[in-house]
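Participant: What follows is a single structure, and I will ask about it in a moment.
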Amino acid sequence: MNLNANPSVIDDLVIANHILVNEGVLDGFGHISVRNDRDPGRFLIARSMAPGLVTSDDILTCDLDGNVHDDQGRKTYVERFIHSEIYRCRPDVMAVIHSHSPAVIPFGVTGTRLRPICHMSGFLGAQVPVFEIRHAAGENSDLLIRNQALGQALARDLGNSAVALLRGHGNVVVGFSIQQVVFRAIYTESNARLQSEAMRLGEINYLTPEEAQSTSDMNDEHLGRPWEVWKRRVQARGY
Ligand code: MN
């Protein structure tokens with residue numbers, strides 16, 4: 001394996017796959033990638049497989065056109081264009097997660113927007129955009145981001161946000177590092193659960209956009225703390 005990438009980044013990518021399964025963000029589907037900091041036009045992602053079983057031998061390189069560069073000719077996920085087009089549009093983004101994390105789904109299929117209700121999820125900003133694939137793929141699609149054009153449409157709707165929902169499908173989360181994107185994916189799921197619960201009790205007093213920004217900045221100072229706990233949990237399970 002010669003990925004021309006820092007080995008510790010590959011280790012973190014493998015652990016991130018396992019953490020995301022263990023914390024209920026990924027299941028047999030979904031994926032996480034990291035941009036190659038030695039070659040920003042390429043990113044690292046597992047071959048097409050269940051994320052809970054990924055090892056360092058399963059990591060491939062993909063370019064921003066969605067072409068896989070692998071000595072063994074292996075394939076990665078059909079929806080790799082989510083990653084490639086976001087890396088193309090967002091030079092600040094170093095890591096991307098696409099998941100179907102369940103508590104988030106209702107906010108993509110109703111008029112109720114996902115918004116930050118607590119200080120752990122200020123990165124959600126004022127509200128989270130929803131990508132409507134019918135606008136780009138028509139009425140009969142299978143909802144997957146199968147090509148560059150759909151990836152571009154999604155990246156456009158994501159804009160400068162940290163998270164976008166894919167109507168009837170899942171969500172995409174971006175970050176400046178593996179640790180940050182994992183933190184965001186886990187707390188996106190958590191915020192969705194809490195927001196649904198709070199909506200049953202009454203009108204929600206959301207974070208203001210300014211509070212969202214301040215709390216997001218604050219949490220970025222402490223990304224290593226939960227990461228070590230999540231990592232310990234997967235190790236305890238013998239992954
Ligand atoms: Mn998907």
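Order determines the names: the first chain of the structure tokens is A, the second B, and so forth; residues in each chain are numbered 1 upward, and ligands are numbered 1 upward as they are shown.
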Neighbours of ligand 1 within 12 Å, counting only C-alpha atoms and all ligand atoms, as number ranges by chain?
Facilitator: A: 26-32, 77-83, 97-102, 105, 142-146, 151, 165-172
Participant: Would you output that residue set with N, CA, C and O atoms, as a compact mmCIF listing (two decimals), in the first residue's frame?
Facilitator:
```
# COMPACT_ATOMS: atom_id res chain seq x y z
N LEU A 26 -23.08 5.68 11.63
CA LEU A 26 -23.04 4.79 10.46
C LEU A 26 -23.56 3.42 10.86
O LEU A 26 -23.53 3.05 12.04
N ASP A 27 -24.05 2.66 9.88
CA ASP A 27 -24.37 1.26 10.14
C ASP A 27 -23.64 0.43 9.08
O ASP A 27 -22.44 0.53 8.96
N GLY A 28 -24.36 -0.35 8.31
CA GLY A 28 -23.69 -1.07 7.23
C GLY A 28 -23.38 -0.15 6.05
O GLY A 28 -22.69 -0.55 5.10
N PHE A 29 -23.90 1.08 6.11
CA PHE A 29 -23.76 2.03 5.00
C PHE A 29 -23.19 3.34 5.52
O PHE A 29 -23.10 3.58 6.71
N GLY A 30 -22.87 4.21 4.58
CA GLY A 30 -22.28 5.50 4.92
C GLY A 30 -20.76 5.42 4.85
O GLY A 30 -20.19 4.33 4.80
N HIS A 31 -20.12 6.61 4.82
CA HIS A 31 -18.66 6.63 4.67
C HIS A 31 -18.06 7.92 5.18
O HIS A 31 -18.73 8.95 5.23
N ILE A 32 -16.78 7.82 5.53
CA ILE A 32 -15.99 8.99 5.93
C ILE A 32 -14.74 9.04 5.07
O ILE A 32 -14.15 8.00 4.76
N TYR A 77 -17.07 3.59 -2.87
CA TYR A 77 -18.53 3.74 -2.82
C TYR A 77 -19.07 4.47 -4.05
O TYR A 77 -18.45 5.42 -4.55
N VAL A 78 -20.26 4.08 -4.48
CA VAL A 78 -20.96 4.75 -5.59
C VAL A 78 -21.09 6.25 -5.29
O VAL A 78 -20.91 7.08 -6.18
N GLU A 79 -21.35 6.58 -4.02
CA GLU A 79 -21.62 7.97 -3.65
C GLU A 79 -20.34 8.76 -3.33
O GLU A 79 -20.40 9.77 -2.62
N ARG A 80 -19.20 8.32 -3.89
CA ARG A 80 -17.94 9.04 -3.66
C ARG A 80 -18.01 10.49 -4.16
O ARG A 80 -17.25 11.34 -3.71
N PHE A 81 -18.94 10.79 -5.07
CA PHE A 81 -19.07 12.14 -5.62
C PHE A 81 -19.53 13.16 -4.58
O PHE A 81 -19.35 14.36 -4.76
N ILE A 82 -20.15 12.67 -3.50
CA ILE A 82 -20.45 13.57 -2.37
C ILE A 82 -19.13 14.17 -1.89
O ILE A 82 -19.01 15.38 -1.67
N HIS A 83 -18.15 13.31 -1.71
CA HIS A 83 -16.86 13.73 -1.17
C HIS A 83 -16.07 14.57 -2.19
O HIS A 83 -15.59 15.66 -1.88
N ILE A 97 -18.17 13.32 6.06
CA ILE A 97 -18.93 12.11 6.43
C ILE A 97 -20.27 12.14 5.73
O ILE A 97 -20.96 13.17 5.76
N HIS A 98 -20.63 11.05 5.11
CA HIS A 98 -22.01 10.87 4.65
C HIS A 98 -22.62 9.73 5.43
O HIS A 98 -22.07 8.63 5.47
N SER A 99 -23.76 10.00 6.07
CA SER A 99 -24.43 8.95 6.84
C SER A 99 -25.93 9.01 6.63
O SER A 99 -26.46 9.98 6.08
N HIS A 100 -26.59 7.96 7.11
CA HIS A 100 -28.05 7.91 7.13
C HIS A 100 -28.51 7.97 8.58
O HIS A 100 -29.50 7.34 8.94
N SER A 101 -27.79 8.68 9.44
CA SER A 101 -28.06 8.62 10.89
C SER A 101 -29.53 8.97 11.14
O SER A 101 -30.04 9.99 10.68
N PRO A 102 -30.22 8.08 11.84
CA PRO A 102 -31.69 8.02 11.77
C PRO A 102 -32.44 9.22 12.33
O PRO A 102 -33.44 9.64 11.73
N ILE A 105 -33.22 12.16 9.84
CA ILE A 105 -34.07 12.00 8.66
C ILE A 105 -35.36 12.84 8.71
O ILE A 105 -35.71 13.48 7.71
N ASP A 142 -33.06 7.10 -7.58
CA ASP A 142 -32.96 6.24 -6.39
C ASP A 142 -32.39 7.00 -5.20
O ASP A 142 -32.03 6.40 -4.19
N LEU A 143 -32.30 8.32 -5.33
CA LEU A 143 -31.87 9.25 -4.28
C LEU A 143 -30.37 9.23 -3.99
O LEU A 143 -29.89 9.96 -3.13
N LEU A 144 -29.62 8.37 -4.68
CA LEU A 144 -28.18 8.33 -4.43
C LEU A 144 -27.45 9.40 -5.25
O LEU A 144 -27.88 9.77 -6.34
N ILE A 145 -26.33 9.87 -4.71
CA ILE A 145 -25.48 10.86 -5.38
C ILE A 145 -24.51 10.07 -6.25
O ILE A 145 -23.38 9.78 -5.86
N ARG A 146 -24.97 9.72 -7.46
CA ARG A 146 -24.29 8.74 -8.29
C ARG A 146 -23.30 9.33 -9.29
O ARG A 146 -22.62 8.58 -9.98
N GLY A 151 -23.29 15.47 -7.27
CA GLY A 151 -22.37 15.91 -6.23
C GLY A 151 -22.22 17.43 -6.23
O GLY A 151 -22.21 18.07 -5.18
N LEU A 165 -28.70 18.28 4.86
CA LEU A 165 -29.52 17.07 4.86
C LEU A 165 -29.86 16.70 3.43
O LEU A 165 -30.02 17.58 2.57
N LEU A 166 -29.94 15.42 3.16
CA LEU A 166 -30.37 14.92 1.86
C LEU A 166 -31.78 14.37 2.06
O LEU A 166 -31.96 13.38 2.79
N ARG A 167 -32.75 15.01 1.44
CA ARG A 167 -34.16 14.66 1.68
C ARG A 167 -34.42 13.16 1.48
O ARG A 167 -34.08 12.62 0.43
N GLY A 168 -35.01 12.54 2.50
CA GLY A 168 -35.38 11.14 2.40
C GLY A 168 -34.20 10.17 2.30
O GLY A 168 -34.37 9.03 1.87
N HIS A 169 -33.02 10.61 2.72
CA HIS A 169 -31.83 9.80 2.50
C HIS A 169 -30.85 9.87 3.69
O HIS A 169 -30.57 8.86 4.30
N GLY A 170 -30.38 11.05 4.03
CA GLY A 170 -29.38 11.13 5.09
C GLY A 170 -28.82 12.52 5.23
O GLY A 170 -29.53 13.50 5.05
N ASN A 171 -27.52 12.59 5.52
CA ASN A 171 -26.90 13.91 5.67
C ASN A 171 -25.43 13.84 5.32
O ASN A 171 -24.85 12.76 5.20
N VAL A 172 -24.87 15.03 5.15
CA VAL A 172 -23.43 15.15 4.92
C VAL A 172 -22.89 16.17 5.92
O VAL A 172 -23.53 17.18 6.19
```
Participant: Skipping near chain neighbours, those fewer than 5 positions away, what residues fall within 10 Å of Leu3 in chain A using only C-alpha atoms, listed as a ChimeraX atom specification?
Facilitator: /A:10,36,43-44,59-61,69-70
Participant: Can you list, as a list in words, every protein, DNA or RNA residue that comes within 10 Å of Ser177 in chain A when you count only C-alpha atoms, leaving out same-chain residues fewer than 4 positions away?
Facilitator: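 The residues satisfying every condition are Val9, Val34, Arg35, Asp92, Val93, Met94, Ala95, Val96, Val181, Val182, Phe183 and Leu223 of chain A.
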Participant: Mind writing the picked residues with N, CA, C and O atoms as a compact mmCIF listing (two decimals), in the first residue's frame?
Facilitator:
```txt
# COMPACT_ATOMS: atom_id res chain seq x y z
N VAL A 9 -2.76 9.56 9.77
CA VAL A 9 -4.06 9.96 9.22
C VAL A 9 -4.86 8.73 8.82
O VAL A 9 -6.07 8.64 9.05
N VAL A 34 -11.00 11.57 4.21
CA VAL A 34 -10.12 12.66 4.63
C VAL A 34 -9.31 13.10 3.42
O VAL A 34 -8.84 12.27 2.63
N ARG A 35 -9.16 14.41 3.26
CA ARG A 35 -8.35 14.92 2.16
C ARG A 35 -6.88 14.58 2.44
O ARG A 35 -6.44 14.64 3.60
N ASP A 92 -11.47 24.67 2.42
CA ASP A 92 -11.31 24.60 3.88
C ASP A 92 -11.64 23.21 4.43
O ASP A 92 -11.26 22.89 5.56
N VAL A 93 -12.35 22.40 3.66
CA VAL A 93 -12.81 21.11 4.16
C VAL A 93 -11.71 20.06 4.01
O VAL A 93 -11.17 19.86 2.93
N MET A 94 -11.41 19.39 5.11
CA MET A 94 -10.38 18.34 5.12
C MET A 94 -10.96 16.96 5.40
O MET A 94 -10.26 15.96 5.27
N ALA A 95 -12.24 16.90 5.80
CA ALA A 95 -12.85 15.59 6.09
C ALA A 95 -14.36 15.69 5.87
O ALA A 95 -14.96 16.73 6.12
N VAL A 96 -14.94 14.59 5.37
CA VAL A 96 -16.36 14.55 5.01
C VAL A 96 -16.96 13.24 5.51
O VAL A 96 -16.34 12.17 5.36
N VAL A 181 -14.88 16.45 12.24
CA VAL A 181 -16.03 15.97 11.47
C VAL A 181 -16.74 14.84 12.22
O VAL A 181 -17.98 14.74 12.17
N VAL A 182 -15.99 14.03 12.96
CA VAL A 182 -16.61 12.97 13.77
C VAL A 182 -17.44 13.59 14.89
O VAL A 182 -18.58 13.20 15.13
N PHE A 183 -16.86 14.58 15.56
CA PHE A 183 -17.59 15.31 16.61
C PHE A 183 -18.91 15.86 16.05
O PHE A 183 -19.98 15.69 16.63
N LEU A 223 -11.68 19.18 20.91
CA LEU A 223 -12.08 18.03 20.08
C LEU A 223 -11.39 16.74 20.51
O LEU A 223 -11.92 15.65 20.32
```
Participant: Could you state the separation of CA of Ser48 in chain A and CA of Asn4 in chain A in Å, given to one decimal place?
Facilitator: 20.5 Å
Participant: From range 7-119 of chain A, collect each residue whose DSSP state is strand (DSSP E) and return the set as a list in words.
Facilitator: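 Taking range 7-119 of chain A and keeping strand (DSSP E) gives His31, Ile32, Ser33, Val34, Arg35, Arg42, Phe43, Leu44, Ile45, Ala46, Ile59, Leu60, Thr61, Cys62, Asp63, Val68, His69, Ala95, Val96, Ile97, His98 and Ser99 of chain A.
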Participant: Those residues you just picked out, can you put them in a file as a PDB file, in the first residue's frame with N, CA and C atoms?
Facilitator:
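Below is the file that was written, selection-v8.pdb:
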```pdb
ATOM      1  N   HIS A  31     -20.118   6.608   4.821  1.00  0.00           N
ATOM      2  CA  HIS A  31     -18.665   6.629   4.667  1.00  0.00           C
ATOM      3  C   HIS A  31     -18.059   7.922   5.180  1.00  0.00           C
ATOM      4  N   ILE A  32     -16.781   7.818   5.530  1.00  0.00           N
ATOM      5  CA  ILE A  32     -15.993   8.993   5.934  1.00  0.00           C
ATOM      6  C   ILE A  32     -14.744   9.042   5.073  1.00  0.00           C
ATOM      7  N   SER A  33     -14.354  10.249   4.688  1.00  0.00           N
ATOM      8  CA  SER A  33     -13.114  10.433   3.928  1.00  0.00           C
ATOM      9  C   SER A  33     -12.289  11.535   4.563  1.00  0.00           C
ATOM     10  N   VAL A  34     -11.003  11.568   4.205  1.00  0.00           N
ATOM     11  CA  VAL A  34     -10.123  12.663   4.629  1.00  0.00           C
ATOM     12  C   VAL A  34      -9.313  13.103   3.418  1.00  0.00           C
ATOM     13  N   ARG A  35      -9.162  14.411   3.260  1.00  0.00           N
ATOM     14  CA  ARG A  35      -8.348  14.919   2.161  1.00  0.00           C
ATOM     15  C   ARG A  35      -6.881  14.585   2.441  1.00  0.00           C
ATOM     16  N   ARG A  42      -6.613  14.945  -3.879  1.00  0.00           N
ATOM     17  CA  ARG A  42      -7.020  13.554  -3.668  1.00  0.00           C
ATOM     18  C   ARG A  42      -7.483  13.370  -2.233  1.00  0.00           C
ATOM     19  N   PHE A  43      -8.294  12.351  -2.032  1.00  0.00           N
ATOM     20  CA  PHE A  43      -8.739  12.052  -0.679  1.00  0.00           C
ATOM     21  C   PHE A  43      -8.690  10.554  -0.431  1.00  0.00           C
ATOM     22  N   LEU A  44      -8.682  10.198   0.848  1.00  0.00           N
ATOM     23  CA  LEU A  44      -8.610   8.793   1.273  1.00  0.00           C
ATOM     24  C   LEU A  44      -9.981   8.349   1.751  1.00  0.00           C
ATOM     25  N   ILE A  45     -10.372   7.156   1.359  1.00  0.00           N
ATOM     26  CA  ILE A  45     -11.685   6.623   1.715  1.00  0.00           C
ATOM     27  C   ILE A  45     -11.577   5.106   1.642  1.00  0.00           C
ATOM     28  N   ALA A  46     -12.418   4.408   2.392  1.00  0.00           N
ATOM     29  CA  ALA A  46     -12.373   2.936   2.355  1.00  0.00           C
ATOM     30  C   ALA A  46     -12.904   2.418   1.023  1.00  0.00           C
ATOM     31  N   ILE A  59      -8.043   1.111   2.766  1.00  0.00           N
ATOM     32  CA  ILE A  59      -8.110   2.531   2.407  1.00  0.00           C
ATOM     33  C   ILE A  59      -7.550   2.742   0.996  1.00  0.00           C
ATOM     34  N   LEU A  60      -8.300   3.502   0.200  1.00  0.00           N
ATOM     35  CA  LEU A  60      -7.951   3.795  -1.190  1.00  0.00           C
ATOM     36  C   LEU A  60      -7.753   5.296  -1.369  1.00  0.00           C
ATOM     37  N   THR A  61      -7.200   5.656  -2.515  1.00  0.00           N
ATOM     38  CA  THR A  61      -7.107   7.065  -2.906  1.00  0.00           C
ATOM     39  C   THR A  61      -8.085   7.334  -4.038  1.00  0.00           C
ATOM     40  N   CYS A  62      -8.749   8.490  -3.952  1.00  0.00           N
ATOM     41  CA  CYS A  62      -9.703   8.886  -4.985  1.00  0.00           C
ATOM     42  C   CYS A  62      -9.396  10.336  -5.361  1.00  0.00           C
ATOM     43  N   ASP A  63      -9.555  10.691  -6.626  1.00  0.00           N
ATOM     44  CA  ASP A  63      -9.309  12.087  -7.008  1.00  0.00           C
ATOM     45  C   ASP A  63     -10.624  12.875  -7.074  1.00  0.00           C
ATOM     46  N   VAL A  68     -10.833   6.340  -8.835  1.00  0.00           N
ATOM     47  CA  VAL A  68     -10.063   5.643  -7.809  1.00  0.00           C
ATOM     48  C   VAL A  68      -8.675   5.333  -8.359  1.00  0.00           C
ATOM     49  N   HIS A  69      -7.650   5.537  -7.514  1.00  0.00           N
ATOM     50  CA  HIS A  69      -6.278   5.190  -7.889  1.00  0.00           C
ATOM     51  C   HIS A  69      -5.825   4.082  -6.945  1.00  0.00           C
ATOM     52  N   ALA A  95     -12.237  16.898   5.803  1.00  0.00           N
ATOM     53  CA  ALA A  95     -12.851  15.594   6.086  1.00  0.00           C
ATOM     54  C   ALA A  95     -14.358  15.687   5.866  1.00  0.00           C
ATOM     55  N   VAL A  96     -14.937  14.593   5.369  1.00  0.00           N
ATOM     56  CA  VAL A  96     -16.362  14.555   5.007  1.00  0.00           C
ATOM     57  C   VAL A  96     -16.963  13.239   5.507  1.00  0.00           C
ATOM     58  N   ILE A  97     -18.172  13.317   6.061  1.00  0.00           N
ATOM     59  CA  ILE A  97     -18.926  12.108   6.430  1.00  0.00           C
ATOM     60  C   ILE A  97     -20.270  12.140   5.730  1.00  0.00           C
ATOM     61  N   HIS A  98     -20.635  11.046   5.112  1.00  0.00           N
ATOM     62  CA  HIS A  98     -22.007  10.873   4.647  1.00  0.00           C
ATOM     63  C   HIS A  98     -22.624   9.730   5.427  1.00  0.00           C
ATOM     64  N   SER A  99     -23.764   9.999   6.071  1.00  0.00           N
ATOM     65  CA  SER A  99     -24.431   8.946   6.842  1.00  0.00           C
ATOM     66  C   SER A  99     -25.934   9.008   6.631  1.00  0.00           C
TER      67      SER A  99
END
```
Participant: Residues of range 18-167 of chain A classed as alpha helix (DSSP H) by DSSP on the backbone are to be reported as an MDAnalysis selection string.
Facilitator: chainID A and resid 18:22 80:89 106:109 134:137 148:158
Participant: I'd like the neighbourhood of Asn219 in chain A as JSON, numbers by chain, where a residue qualifies if any of its atoms comes within 12 Å (using only C-alpha atoms), though same-chain residues fewer than 5 positions away should be ignored.
Facilitator: {"A": [118, 119, 120, 121, 122, 123, 179, 180, 183, 184, 187, 212, 213, 214, 224, 225, 226]}
Participant: Now that the selection is made, can you save its residues with C-alpha atoms as a compact mmCIF listing (two decimals), in the first residue's frame?
Facilitator:
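Writing done, so here's selection.txt:
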```txt
# COMPACT_ATOMS: atom_id res chain seq x y z
CA CYS A 118 -27.68 23.17 22.79
CA HIS A 119 -24.10 24.32 23.08
CA MET A 120 -22.63 21.10 21.71
CA SER A 121 -24.18 21.64 18.30
CA GLY A 122 -23.57 25.32 17.58
CA PHE A 123 -21.74 24.24 14.39
CA GLN A 179 -11.72 14.70 14.87
CA GLN A 180 -13.89 17.71 14.10
CA PHE A 183 -17.59 15.31 16.61
CA ARG A 184 -20.01 17.11 14.31
CA TYR A 187 -23.65 15.79 17.75
CA ALA A 212 -24.06 29.06 17.68
CA GLN A 213 -20.80 30.59 16.45
CA SER A 214 -19.35 31.13 19.95
CA GLY A 224 -9.46 15.66 21.50
CA ARG A 225 -11.37 15.01 24.70
CA PRO A 226 -14.45 13.15 23.39
```
Participant: Can you work out the spacing between CA of Ile186 in chain A and CA of Pro7 in chain A in Å, to one decimal?
Facilitator: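 According to the coordinates, CA of Ile186 in chain A and CA of Pro7 in chain A are separated by 24.5 Å.
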